[in-house]
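A short write-up of the structure that comes next.
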Amino acid sequence: DLDAATPFDLYELAFRYDAKAYSTAVKPWAFKLLFERGYAAALYFDPDVLFYGGLDEVNLLLHAKGFVLTPHATRPNPDDGAWQTDRQILRTGVYNLGFLGLSRRKYANAVDHFVDWWGERLRGEGANDVARGMHYDQAWAGFIPAFYPSKTNEILVDPRYNVAYWNLHERGSEIVVDDGAASYRGAPLVFVHFSGASADRFRVDDLSPYQMRYRAADFPNLRPLFEAYANATKAASTYSSTPYAFSTFDNGAPIP
């Protein structure tokens with residue numbers, strides 16, 4: 001079905017990219033497919049997101065806005081040189097596209113333009129090559145507030161959304177976990193993004209292999225969240241070692 005919404009052969013992306021880049025490069029066309037099927041709005045979440053609260057606020061925003069985005073952080077990182085720094089976030093993208101909400105209800109022209117433009121960019125510039133200004137599909141979202149009027153987009157800075165290793169410096173100590181429920185300063189946490197916490201390499205003590213600043217001991221209040229996620233992913237790790245089907249030609253030769 002995705003082929004019908006894509007103006008070129010999807011095998012082009014499958015052969016050009018690895019599994020992760022391919023899965024993010026088709027994201028614009030997945031949105032387009034849903035819109036062509038008549039859906040007025042759609043939400044995307046990475047598969048390593050876990051929900052602790054409802055999305056009523058986001059759904060309401062999608063009745064008034066065309067784009068709903070969350071930034072990686074809303075406060076500067078500590079200036080200690082440890083990964084992840086503000087400059088590193090700048091290079092991978094100010095906004096984290098592990099979550100994205102798009103709606104055609106009021107601003108269909110803007111949303112349609114972005115989806116088509118974004119999809120064309122990812123056709124050849126959707127790899128993970130930070131030195132060349134690419135980090136999968138993500139960095140391109142930085143153009144949304146520049147391309148389209150401010151009334152079309154909502155930059156959701158509420159700290160209960162998209163909690164992850166990249167914003168623990170501003171949110172980690174404020175989260176309370178009680179009997180499976182999580183809250184931030186007394187309000188229900190909405191979702192946590194366990195980036196890097198894949199079943200085949202995740203250690204709770206590290207929080208994420210993508211950062212070097214914190215250990216679980218720095219946020220003992222968060223250990224129940226990370227332990228619960230680790231246990232859940234272990235049960236779903238059946239395909240973690242399955243090779244990418246498009247990494248080689250039929251004769252086994254690697255695709256360059």
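Residue numbering restarts at 1 for every chain of the structure tokens, chains are lettered A, B, ... in their displayed order, and ligands are numbered from 1 as they appear.
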**OP:** Name the residues of range 9-224 of chain A that fall into strand (DSSP E) according to DSSP on the backbone, using the chain letters and numbers of this document, as a ChimeraX atom specification.
**Re:** /A:41-45,49-51,67-69,99-103,128-129,134-135,153-155,175-178,181-184,187-188,191-193
Subject >> Within 7 Å of Ala42 in chain A using only C-alpha atoms, minus same-chain residues under 5 positions, as a PyMOL selection string >> reply: chain A and resi 31+101-103
Preceding selection exported with C-alpha atoms as a short mmCIF file (atom, residue, chain, number, x, y, z; two decimals), in the first residue's frame:
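The result, stored in again.cif:
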data_model
loop_
_atom_site.label_atom_id
_atom_site.label_comp_id
_atom_site.auth_asym_id
_atom_site.auth_seq_id
_atom_site.Cartn_x
_atom_site.Cartn_y
_atom_site.Cartn_z
CA PHE A 31 1.79 10.06 6.52
CA GLY A 101 1.95 15.00 14.84
CA LEU A 102 0.59 16.23 11.50
CA SER A 103 -2.91 17.47 10.73
#
Gln211 in chain A environment, 9 Å, only C-alpha atoms, sequence neighbours closer than 4 positions dropped, as a JSON list (two decimals) with all heavy atoms, in the first residue's frame:
[["chain", "number", "residue", "atom", "x", "y", "z"],
["A", 82, "ALA", "N", 30.65, 16.22, 28.26],
["A", 82, "ALA", "CA", 30.15, 14.84, 28.15],
["A", 82, "ALA", "C", 29.06, 14.78, 27.09],
["A", 82, "ALA", "O", 28.32, 15.75, 26.86],
["A", 82, "ALA", "CB", 29.62, 14.35, 29.49],
["A", 83, "TRP", "N", 28.97, 13.63, 26.42],
["A", 83, "TRP", "CA", 27.89, 13.42, 25.46],
["A", 83, "TRP", "C", 26.57, 13.35, 26.22],
["A", 83, "TRP", "O", 26.47, 12.64, 27.22],
["A", 83, "TRP", "CB", 28.13, 12.09, 24.74],
["A", 83, "TRP", "CG", 27.10, 11.76, 23.71],
["A", 83, "TRP", "CD1", 25.89, 11.17, 23.94],
["A", 83, "TRP", "CD2", 27.16, 12.02, 22.31],
["A", 83, "TRP", "NE1", 25.19, 11.04, 22.77],
["A", 83, "TRP", "CE2", 25.95, 11.55, 21.74],
["A", 83, "TRP", "CE3", 28.10, 12.60, 21.47],
["A", 83, "TRP", "CZ2", 25.67, 11.65, 20.39],
["A", 83, "TRP", "CZ3", 27.83, 12.69, 20.13],
["A", 83, "TRP", "CH2", 26.62, 12.21, 19.60],
["A", 84, "GLN", "N", 25.59, 14.15, 25.94],
["A", 84, "GLN", "CA", 25.38, 14.83, 24.69],
["A", 84, "GLN", "C", 25.42, 16.33, 24.92],
["A", 84, "GLN", "O", 24.81, 16.83, 25.87],
["A", 84, "GLN", "CB", 24.03, 14.39, 24.11],
["A", 84, "GLN", "CG", 23.72, 14.89, 22.76],
["A", 84, "GLN", "CD", 22.51, 14.18, 22.16],
["A", 84, "GLN", "OE1", 21.74, 13.53, 22.84],
["A", 84, "GLN", "NE2", 22.34, 14.33, 20.87],
["A", 165, "TYR", "N", 17.04, 10.43, 27.46],
["A", 165, "TYR", "CA", 18.37, 10.71, 28.01],
["A", 165, "TYR", "C", 18.84, 12.12, 27.68],
["A", 165, "TYR", "O", 19.60, 12.73, 28.44],
["A", 165, "TYR", "CB", 19.39, 9.67, 27.51],
["A", 165, "TYR", "CG", 19.79, 9.80, 26.06],
["A", 165, "TYR", "CD1", 20.76, 10.71, 25.66],
["A", 165, "TYR", "CD2", 19.21, 9.00, 25.08],
["A", 165, "TYR", "CE1", 21.13, 10.84, 24.33],
["A", 165, "TYR", "CE2", 19.58, 9.11, 23.75],
["A", 165, "TYR", "CZ", 20.55, 10.03, 23.38],
["A", 165, "TYR", "OH", 20.90, 10.14, 22.07],
["A", 166, "TRP", "N", 18.38, 12.68, 26.55],
["A", 166, "TRP", "CA", 18.87, 14.00, 26.14],
["A", 166, "TRP", "C", 18.27, 15.15, 26.93],
["A", 166, "TRP", "O", 18.69, 16.30, 26.76],
["A", 166, "TRP", "CB", 18.62, 14.22, 24.64],
["A", 166, "TRP", "CG", 17.22, 13.90, 24.20],
["A", 166, "TRP", "CD1", 16.09, 14.62, 24.44],
["A", 166, "TRP", "CD2", 16.80, 12.76, 23.44],
["A", 166, "TRP", "NE1", 14.99, 14.01, 23.89],
["A", 166, "TRP", "CE2", 15.41, 12.86, 23.25],
["A", 166, "TRP", "CE3", 17.48, 11.67, 22.86],
["A", 166, "TRP", "CZ2", 14.67, 11.91, 22.55],
["A", 166, "TRP", "CZ3", 16.75, 10.74, 22.17],
["A", 166, "TRP", "CH2", 15.36, 10.86, 22.01],
["A", 206, "ASP", "N", 23.41, 1.98, 32.32],
["A", 206, "ASP", "CA", 23.90, 2.97, 31.35],
["A", 206, "ASP", "C", 22.83, 3.97, 30.92],
["A", 206, "ASP", "O", 23.16, 4.98, 30.31],
["A", 206, "ASP", "CB", 24.44, 2.26, 30.11],
["A", 206, "ASP", "CG", 25.65, 1.40, 30.41],
["A", 206, "ASP", "OD1", 26.35, 1.69, 31.40],
["A", 206, "ASP", "OD2", 25.90, 0.44, 29.65],
["A", 207, "LEU", "N", 21.57, 3.66, 31.16],
["A", 207, "LEU", "CA", 20.42, 4.46, 30.73],
["A", 207, "LEU", "C", 20.27, 4.47, 29.21],
["A", 207, "LEU", "O", 19.19, 4.26, 28.69],
["A", 207, "LEU", "CB", 20.50, 5.90, 31.27],
["A", 207, "LEU", "CG", 20.46, 6.05, 32.79],
["A", 207, "LEU", "CD1", 20.54, 7.52, 33.17],
["A", 207, "LEU", "CD2", 19.21, 5.43, 33.38]]
**OP:** From a DSSP pass on the backbone, collect the residues of range 82-222 of chain A flagged as alpha helix (DSSP H) and hand them back as a VMD selection string.
**Re:** chain A and resid 86 to 92 108 to 124 144 to 147 168 to 171
Contacts between range 126-136 of chain A and range 8-111 of chain A, please, where a residue of range 8-111 of chain A counts if it comes within 12 Å (with only C-alpha atoms); show its shortest atom pair and distance in Å to one decimal, rows by chain and ascending number, as JSON lines.
{"residue": "A:Leu13", "atom": "CA", "partner": "A:Gly126", "partner_atom": "CA", "distance": 9.3}
{"residue": "A:Ala14", "atom": "CA", "partner": "A:Gly126", "partner_atom": "CA", "distance": 11.7}
{"residue": "A:Arg16", "atom": "CA", "partner": "A:Ala127", "partner_atom": "CA", "distance": 8.8}
{"residue": "A:Tyr17", "atom": "CA", "partner": "A:Ala127", "partner_atom": "CA", "distance": 6.7}
{"residue": "A:Asp18", "atom": "CA", "partner": "A:Ala127", "partner_atom": "CA", "distance": 8.3}
{"residue": "A:Ala19", "atom": "CA", "partner": "A:Ala127", "partner_atom": "CA", "distance": 10.5}
{"residue": "A:Lys20", "atom": "CA", "partner": "A:Tyr136", "partner_atom": "CA", "distance": 8.1}
{"residue": "A:Ala21", "atom": "CA", "partner": "A:Tyr136", "partner_atom": "CA", "distance": 5.6}
{"residue": "A:Tyr22", "atom": "CA", "partner": "A:Gly126", "partner_atom": "CA", "distance": 8.1}
{"residue": "A:Ser23", "atom": "CA", "partner": "A:Tyr136", "partner_atom": "CA", "distance": 9.3}
{"residue": "A:Thr24", "atom": "CA", "partner": "A:Tyr136", "partner_atom": "CA", "distance": 6.5}
{"residue": "A:Ala25", "atom": "CA", "partner": "A:Gly126", "partner_atom": "CA", "distance": 6.1}
{"residue": "A:Val26", "atom": "CA", "partner": "A:Gly126", "partner_atom": "CA", "distance": 9.8}
{"residue": "A:Lys27", "atom": "CA", "partner": "A:Tyr136", "partner_atom": "CA", "distance": 10.6}
{"residue": "A:Pro28", "atom": "CA", "partner": "A:Gly126", "partner_atom": "CA", "distance": 11.6}
{"residue": "A:Arg87", "atom": "CA", "partner": "A:Val130", "partner_atom": "CA", "distance": 11.5}
{"residue": "A:Gln88", "atom": "CA", "partner": "A:Val130", "partner_atom": "CA", "distance": 9.1}
{"residue": "A:Ile89", "atom": "CA", "partner": "A:Val130", "partner_atom": "CA", "distance": 10.4}
{"residue": "A:Leu90", "atom": "CA", "partner": "A:Gly133", "partner_atom": "CA", "distance": 9.8}
{"residue": "A:Arg91", "atom": "CA", "partner": "A:Val130", "partner_atom": "CA", "distance": 6.3}
{"residue": "A:Thr92", "atom": "CA", "partner": "A:His135", "partner_atom": "CA", "distance": 5.3}
{"residue": "A:Gly93", "atom": "CA", "partner": "A:His135", "partner_atom": "CA", "distance": 7.4}
{"residue": "A:Val94", "atom": "CA", "partner": "A:His135", "partner_atom": "CA", "distance": 11.2}
{"residue": "A:Tyr95", "atom": "CA", "partner": "A:His135", "partner_atom": "CA", "distance": 11.5}
{"residue": "A:Asn96", "atom": "CA", "partner": "A:His135", "partner_atom": "CA", "distance": 10.7}
{"residue": "A:Leu97", "atom": "CA", "partner": "A:Tyr136", "partner_atom": "CA", "distance": 9.7}
{"residue": "A:Gly98", "atom": "CA", "partner": "A:Tyr136", "partner_atom": "CA", "distance": 11.2}
**OP:** Tell me which protein, DNA and RNA residues are within 10 Å of Asp48 in chain A, counting only C-alpha atoms, leaving out same-chain ones fewer than 4 positions away, and put them as a PyMOL selection string.
**Re:** chain A and resi 98+192-198+229+233
Generate a file of the selected residues that holds N, CA, C and O atoms, formatted as a PDB file, in the first residue's frame.
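Contents of again-v6.pdb, as written:
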ATOM      1  N   GLY A  98      11.213  11.229  17.044  1.00  0.00           N
ATOM      2  CA  GLY A  98      10.628  10.023  17.611  1.00  0.00           C
ATOM      3  C   GLY A  98       9.148  10.233  17.892  1.00  0.00           C
ATOM      4  O   GLY A  98       8.412   9.283  18.171  1.00  0.00           O
ATOM      5  N   VAL A 192       7.741   8.371  27.654  1.00  0.00           N
ATOM      6  CA  VAL A 192       9.195   8.318  27.786  1.00  0.00           C
ATOM      7  C   VAL A 192       9.757   7.657  26.535  1.00  0.00           C
ATOM      8  O   VAL A 192       9.222   6.661  26.049  1.00  0.00           O
ATOM      9  N   HIS A 193      10.833   8.213  26.033  1.00  0.00           N
ATOM     10  CA  HIS A 193      11.494   7.717  24.829  1.00  0.00           C
ATOM     11  C   HIS A 193      12.790   7.036  25.253  1.00  0.00           C
ATOM     12  O   HIS A 193      13.763   7.696  25.601  1.00  0.00           O
ATOM     13  N   PHE A 194      12.796   5.717  25.227  1.00  0.00           N
ATOM     14  CA  PHE A 194      13.952   4.947  25.682  1.00  0.00           C
ATOM     15  C   PHE A 194      14.931   4.759  24.528  1.00  0.00           C
ATOM     16  O   PHE A 194      15.261   3.630  24.145  1.00  0.00           O
ATOM     17  N   SER A 195      15.424   5.852  23.990  1.00  0.00           N
ATOM     18  CA  SER A 195      16.297   5.806  22.823  1.00  0.00           C
ATOM     19  C   SER A 195      17.583   5.049  23.133  1.00  0.00           C
ATOM     20  O   SER A 195      18.258   5.315  24.132  1.00  0.00           O
ATOM     21  N   GLY A 196      17.907   4.120  22.258  1.00  0.00           N
ATOM     22  CA  GLY A 196      19.122   3.319  22.429  1.00  0.00           C
ATOM     23  C   GLY A 196      18.948   2.107  23.305  1.00  0.00           C
ATOM     24  O   GLY A 196      19.864   1.287  23.430  1.00  0.00           O
ATOM     25  N   ALA A 197      17.781   1.960  23.904  1.00  0.00           N
ATOM     26  CA  ALA A 197      17.559   0.860  24.849  1.00  0.00           C
ATOM     27  C   ALA A 197      17.029  -0.369  24.132  1.00  0.00           C
ATOM     28  O   ALA A 197      15.979  -0.892  24.450  1.00  0.00           O
ATOM     29  N   SER A 198      17.766  -0.826  23.116  1.00  0.00           N
ATOM     30  CA  SER A 198      17.334  -2.015  22.379  1.00  0.00           C
ATOM     31  C   SER A 198      17.607  -3.269  23.189  1.00  0.00           C
ATOM     32  O   SER A 198      18.507  -3.309  24.033  1.00  0.00           O
ATOM     33  N   TYR A 229      11.043  -1.273  31.296  1.00  0.00           N
ATOM     34  CA  TYR A 229      11.203  -1.267  29.840  1.00  0.00           C
ATOM     35  C   TYR A 229      12.154  -2.384  29.399  1.00  0.00           C
ATOM     36  O   TYR A 229      11.892  -3.072  28.401  1.00  0.00           O
ATOM     37  N   THR A 233      11.192  -5.402  26.769  1.00  0.00           N
ATOM     38  CA  THR A 233      11.850  -5.602  25.468  1.00  0.00           C
ATOM     39  C   THR A 233      12.497  -6.975  25.364  1.00  0.00           C
ATOM     40  O   THR A 233      12.626  -7.513  24.265  1.00  0.00           O
TER      41      THR A 233
END
**OP:** Just the residues within 8 Å of Val204 in chain A, please, counting only C-alpha atoms, with nothing from its chain fewer than 2 positions along; format it as a list in words.
**Re:**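 Surrounding residues, per the criterion: Phe202, Asp206, Leu207, Ser208, Ala216, Arg223, Phe226, Glu227 and Ala230 of chain A.
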**OP:** Name the residues in contact with Val157 in chain A at a cut-off of 8 Å, using only C-alpha atoms, excluding same-chain residues fewer than 2 positions from it; report them as a list in words.
**Re:**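 Contacts, with the query itself left out: Thr70, Pro71, Thr74, Ile155, Pro159 and Tyr161 of chain A.
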Can you write just those residues out, C-alpha atoms, as a compact mmCIF listing (two decimals), in the first residue's frame?
# COMPACT_ATOMS: atom_id res chain seq x y z
CA THR A 70 8.91 18.29 20.64
CA PRO A 71 12.44 19.67 21.01
CA THR A 74 14.32 23.14 26.60
CA ILE A 155 6.47 23.39 19.65
CA PRO A 159 8.39 18.47 30.06
CA TYR A 161 6.37 14.74 26.71
**OP:** Point out the residue among A:Gly124, A:Leu2, A:Leu62, A:Phe51 with the least atom-to-atom distance to Arg37 in chain A, counting only C-alpha atoms.
**Re:** A:Leu2
Subject >> Distance criterion (only C-alpha atoms): nearest to Arg160 in chain A out of A:Pro256, A:Gly142, A:Gly54, A:Gly81 >> reply: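 Under the stated criterion, the closest residue is A:Gly54.
Distance annotation: of A:Lys65, A:Arg121, A:His169, A:His72, the residue with the minimal separation from Arg104 in chain A is A:Lys65; atom set is only C-alpha atoms.
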